[in-house]
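> For reference, the structure I am asking about is given below.
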Amino acid sequence: MKKTTKLAGLTLALLLVFPYEAMAYKVVVDPGHGGKDPGAIGVNGLNEKTVNLDVSLKLRDELKKKGVDVVMTRADDRYLSLDERVQFTNAQNADVFVSVHANSNPSSAANGSQVLYYDSRYPQDDYPASPEMEALTPSSRLLAQKVLSSVLSQTGLKDQGLVPSAVYVVRKGKIPSILVETGFLSNKKEADLLADPAFRTKMAKAIADGVVSYQPPVFPDTAGHWAREAILRIKDKGWMEGIGNNFEPNRALTRAEFVTVMDRVFGFDGLLGTENSASAPAFSDLKSTQWSYSVMTKAVRLGLLDGYADHTVRPNQAITRGEVSAILQRLREMKGTPTLTPPSGQDVFSDVPASMWCAGAVYTLTKAGIVDGTSPTEFKPNRYITRAEIAVMMDRYSKLQP
């Protein structure tokens, strides 16, 4: 037990020090078939579902020995639909998905191991993939190669190659996903091997070694996203964090989340000075037990946030582009960057007149190249801002700093 804890700690340390090149730390293991669905029937009468479950349980144990967190779609002989397996996996905030199967072929001569993955270079109109899996093709391919290489080197089975596939479980998820075909139950020699507990253990260890040699992507839900590079840079600065293993780039940012980012960037305590000991303003929706109490209180003291007429400060309310601009520029003013007088004439956004409360901030940040309009003529100050947009804004801000 102590050894597992040490390894788990090592895994976490590697994730913190090498965020782009960390070993897998949470894996969904999926024993194929089960319950009323036996899968292939071996020439020796062995049910595929039995092989799949036993190898998967051994795989779980091998991964846990390496300090990897493992969840299983099934740990006993039950039936799960393909969609149930995918939906379960999507809810886990895991790093990779590995489905374990055994193969079959009309020819008893067919033999060897292969690994299936979704490849966006070979789309099938009748079997569309999720957008996430299309973007994750390089990661799934790399995972597939790592696992296949390990299986071949440790079991001595024939190389049946990497197979671009549209099977449901590798094309509908949101994380790098593979399906391992361990061997052919239609081949007498391999059917006997798959009936042998010692060989199943060897197979499980080989798959596990391949999985931990793979380096999962940081925030897999940002694969192919327009803001990914900025998101990763801001993460490295410690300014923004993920939500579980994902970043949720298109989710609206709340008022509390935004001022938390601003605190990390500007350091509210240093700006407050001796005022930090002043009594906290009272808001009906901000209690001392809430996670955002301290940072929200500091933001109010600094004049970054105002309460509403109903005596609330609404920490969980999504924040708008106009509010973000006003707060960010107010902080820049505190650091010595003045707010410009809003322009007039043609060089203005039609929805941000010079008289608007956030106009000075919007035009100052636009001129500095920190924010953009949603079009050449509109800014949409009342539209909620996304986590990706904030990451890009702060990435641009960081590049302006000496």
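As shown in the structure tokens, the chain order sets the letters A, B, ...; within each chain, residues go from 1, and ligands are also counted from 1 in the order they appear.
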Using the chain letters and numbers from this document, which residues of range 121-203 of chain A does DSSP assign to strand (DSSP E), as a ChimeraX atom specification?
/A:159-164,177-184
> Taking only range 159-320 of chain A into account, list the residues labelled helix (DSSP H, G or I) by DSSP (computed from the backbone), as a PyMOL selection string.
chain A and resi 168-171+188-194+197-213+220-222+228-237+255-266+268-277+293-301
> Using only C-alpha atoms, which protein or nucleic acid residues come within 8 Å of Leu80 in chain A? Drop anything in the same chain fewer than 3 positions from it, and give the result as a PDB file with N, CA and C atoms, in the first residue's frame.

ATOM      1  N   HIS A  33     -17.759  -6.440 -24.652  1.00  0.00           N
ATOM      2  CA  HIS A  33     -18.880  -7.382 -24.570  1.00  0.00           C
ATOM      3  C   HIS A  33     -19.303  -7.577 -23.107  1.00  0.00           C
ATOM      4  N   GLY A  34     -19.915  -8.701 -22.775  1.00  0.00           N
ATOM      5  CA  GLY A  34     -20.361  -8.953 -21.404  1.00  0.00           C
ATOM      6  C   GLY A  34     -21.844  -9.234 -21.314  1.00  0.00           C
ATOM      7  N   GLY A  35     -22.237  -9.948 -20.265  1.00  0.00           N
ATOM      8  CA  GLY A  35     -23.647 -10.276 -20.059  1.00  0.00           C
ATOM      9  C   GLY A  35     -24.217 -11.092 -21.195  1.00  0.00           C
ATOM     10  N   ARG A  74     -16.958  -1.938 -16.649  1.00  0.00           N
ATOM     11  CA  ARG A  74     -17.607  -3.069 -15.954  1.00  0.00           C
ATOM     12  C   ARG A  74     -16.523  -3.897 -15.282  1.00  0.00           C
ATOM     13  N   GLU A  84     -23.465   3.542 -23.493  1.00  0.00           N
ATOM     14  CA  GLU A  84     -23.285   3.580 -22.040  1.00  0.00           C
ATOM     15  C   GLU A  84     -21.805   3.608 -21.682  1.00  0.00           C
ATOM     16  N   ARG A  85     -21.006   2.876 -22.420  1.00  0.00           N
ATOM     17  CA  ARG A  85     -19.563   2.858 -22.156  1.00  0.00           C
ATOM     18  C   ARG A  85     -18.953   4.239 -22.430  1.00  0.00           C
TER      19      ARG A  85
END
> Counting only C-alpha atoms, which of A:Val55, A:Val218, A:Val27, A:Met262 gets nearest to Ala195 in chain A?
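Residue with the minimum atom-to-atom distance to Ala195 in chain A: A:Val55.
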> Can you list, as number ranges by chain, every protein, DNA or RNA residue that comes within 7 Å of range 378-389 of chain A when you count only C-alpha atoms, leaving out same-chain residues fewer than 5 positions away?
A: 227, 231, 249-253, 318-322, 349-352, 373
> Please produce a file of those selected residues containing N, CA and C atoms, as a short mmCIF file (atom, residue, chain, number, x, y, z; two decimals), in the first residue's frame.

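The new file part-v3.cif reads:
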data_model
loop_
_atom_site.label_atom_id
_atom_site.label_comp_id
_atom_site.auth_asym_id
_atom_site.auth_seq_id
_atom_site.Cartn_x
_atom_site.Cartn_y
_atom_site.Cartn_z
N ALA A 227 -7.68 28.57 -29.21
CA ALA A 227 -6.97 29.22 -28.10
C ALA A 227 -6.02 28.29 -27.36
N ILE A 231 -3.91 29.00 -23.87
CA ILE A 231 -4.38 28.32 -22.67
C ILE A 231 -3.22 27.61 -21.97
N PRO A 249 -12.96 25.23 -22.45
CA PRO A 249 -12.63 26.54 -23.02
C PRO A 249 -13.83 27.38 -23.41
N ASN A 250 -14.95 26.77 -23.73
CA ASN A 250 -16.10 27.53 -24.21
C ASN A 250 -17.11 27.84 -23.12
N ARG A 251 -16.78 27.50 -21.87
CA ARG A 251 -17.69 27.80 -20.77
C ARG A 251 -17.51 29.25 -20.33
N ALA A 252 -18.62 29.91 -19.99
CA ALA A 252 -18.56 31.29 -19.51
C ALA A 252 -17.83 31.34 -18.18
N LEU A 253 -17.04 32.38 -17.99
CA LEU A 253 -16.31 32.59 -16.74
C LEU A 253 -17.20 33.35 -15.76
N ALA A 318 -22.09 34.79 -14.54
CA ALA A 318 -21.12 34.92 -15.63
C ALA A 318 -20.77 36.38 -15.83
N ILE A 319 -19.52 36.63 -16.13
CA ILE A 319 -19.05 38.00 -16.28
C ILE A 319 -19.03 38.40 -17.76
N THR A 320 -19.31 39.66 -18.03
CA THR A 320 -19.43 40.13 -19.41
C THR A 320 -18.12 40.69 -19.93
N ARG A 321 -18.05 40.85 -21.23
CA ARG A 321 -16.87 41.41 -21.87
C ARG A 321 -16.63 42.85 -21.41
N GLY A 322 -17.70 43.59 -21.21
CA GLY A 322 -17.56 44.96 -20.72
C GLY A 322 -17.01 45.00 -19.31
N PHE A 349 -16.65 51.19 -31.96
CA PHE A 349 -17.59 50.08 -32.07
C PHE A 349 -19.00 50.66 -31.97
N SER A 350 -19.88 50.19 -32.82
CA SER A 350 -21.24 50.73 -32.85
C SER A 350 -21.98 50.48 -31.54
N ASP A 351 -21.59 49.43 -30.79
CA ASP A 351 -22.28 49.11 -29.55
C ASP A 351 -21.51 49.59 -28.30
N VAL A 352 -20.45 50.39 -28.51
CA VAL A 352 -19.72 50.97 -27.37
C VAL A 352 -19.54 52.47 -27.64
N GLY A 373 -12.62 43.27 -30.93
CA GLY A 373 -14.06 43.27 -31.11
C GLY A 373 -14.49 41.92 -31.63
#
> Given only C-alpha atoms as the basis, pick out the residue of A:Thr312, A:Thr377, A:Thr50, A:Ser130 nearest to Lys172 in chain A.
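Of A:Thr312, A:Thr377, A:Thr50, A:Ser130, the one nearest Lys172 in chain A is A:Ser130, counting only C-alpha atoms.
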> Which residue out of A:Val211, A:Val392, A:Gly173, A:Asp310 has the minimum interatomic distance to Leu232 in chain A when only C-alpha atoms are used?
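With only C-alpha atoms as the atom set, the closest residue is A:Val392.
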> Which residue gives the smallest distance to Glu181 in chain A among A:His101, A:Lys287, A:Lys399, A:Lys237, with only C-alpha atoms counted?
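Smallest distance to Glu181 in chain A is found for A:His101.
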> Give me the residues within 12 Å of Tyr122 in chain A as an mmCIF file with N, CA, C and O atoms, in the first residue's frame, counting only C-alpha atoms and dropping any in the same chain fewer than 4 places off.

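Final file, selection27.cif:
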data_model
loop_
_atom_site.group_PDB
_atom_site.id
_atom_site.type_symbol
_atom_site.label_atom_id
_atom_site.label_comp_id
_atom_site.auth_asym_id
_atom_site.auth_seq_id
_atom_site.Cartn_x
_atom_site.Cartn_y
_atom_site.Cartn_z
ATOM 1 N N TYR A 117 -7.917 2.518 -33.545
ATOM 2 C CA TYR A 117 -8.090 3.895 -33.069
ATOM 3 C C TYR A 117 -8.817 4.672 -34.154
ATOM 4 O O TYR A 117 -8.870 4.240 -35.317
ATOM 5 N N TYR A 118 -9.394 5.815 -33.806
ATOM 6 C CA TYR A 118 -10.053 6.631 -34.823
ATOM 7 C C TYR A 118 -9.035 7.539 -35.483
ATOM 8 O O TYR A 118 -8.229 8.186 -34.809
ATOM 9 N N TYR A 127 -20.537 6.860 -40.218
ATOM 10 C CA TYR A 127 -20.089 6.652 -38.840
ATOM 11 C C TYR A 127 -19.272 7.860 -38.378
ATOM 12 O O TYR A 127 -18.055 7.775 -38.221
ATOM 13 N N PRO A 128 -19.941 8.992 -38.160
ATOM 14 C CA PRO A 128 -19.213 10.208 -37.790
ATOM 15 C C PRO A 128 -18.602 10.114 -36.391
ATOM 16 O O PRO A 128 -19.172 9.486 -35.493
ATOM 17 N N ALA A 129 -17.470 10.747 -36.241
ATOM 18 C CA ALA A 129 -16.798 10.800 -34.944
ATOM 19 C C ALA A 129 -17.183 12.075 -34.219
ATOM 20 O O ALA A 129 -17.676 13.033 -34.816
ATOM 21 N N GLU A 134 -11.922 13.609 -33.513
ATOM 22 C CA GLU A 134 -11.275 14.026 -34.755
ATOM 23 C C GLU A 134 -10.000 14.794 -34.448
ATOM 24 O O GLU A 134 -8.947 14.558 -35.041
ATOM 25 N N THR A 137 -6.870 12.680 -33.042
ATOM 26 C CA THR A 137 -6.291 11.604 -33.846
ATOM 27 C C THR A 137 -4.806 11.380 -33.570
ATOM 28 O O THR A 137 -4.381 10.241 -33.336
ATOM 29 N N VAL A 163 -4.871 -0.038 -36.743
ATOM 30 C CA VAL A 163 -6.019 -0.068 -37.650
ATOM 31 C C VAL A 163 -6.901 1.166 -37.436
ATOM 32 O O VAL A 163 -7.568 1.280 -36.395
ATOM 33 N N PRO A 164 -6.905 2.108 -38.393
ATOM 34 C CA PRO A 164 -7.879 3.207 -38.320
ATOM 35 C C PRO A 164 -9.280 2.606 -38.354
ATOM 36 O O PRO A 164 -9.602 1.812 -39.242
ATOM 37 N N SER A 165 -10.105 2.961 -37.396
ATOM 38 C CA SER A 165 -11.395 2.285 -37.263
ATOM 39 C C SER A 165 -12.489 3.255 -36.867
ATOM 40 O O SER A 165 -12.234 4.279 -36.220
ATOM 41 N N ALA A 166 -13.718 2.904 -37.240
ATOM 42 C CA ALA A 166 -14.884 3.706 -36.864
ATOM 43 C C ALA A 166 -15.722 2.983 -35.818
ATOM 44 O O ALA A 166 -16.894 3.290 -35.655
ATOM 45 N N ARG A 171 -14.496 6.312 -31.489
ATOM 46 C CA ARG A 171 -14.790 7.504 -32.294
ATOM 47 C C ARG A 171 -15.777 8.460 -31.643
ATOM 48 O O ARG A 171 -15.972 9.571 -32.139
#
> What's the 8 Å shell around range 104-111 of chain A, counting only C-alpha atoms, without same-chain residues fewer than 5 positions away, as an MDAnalysis selection string?
chainID A and resid 40 42 157:158 160 183:188 190
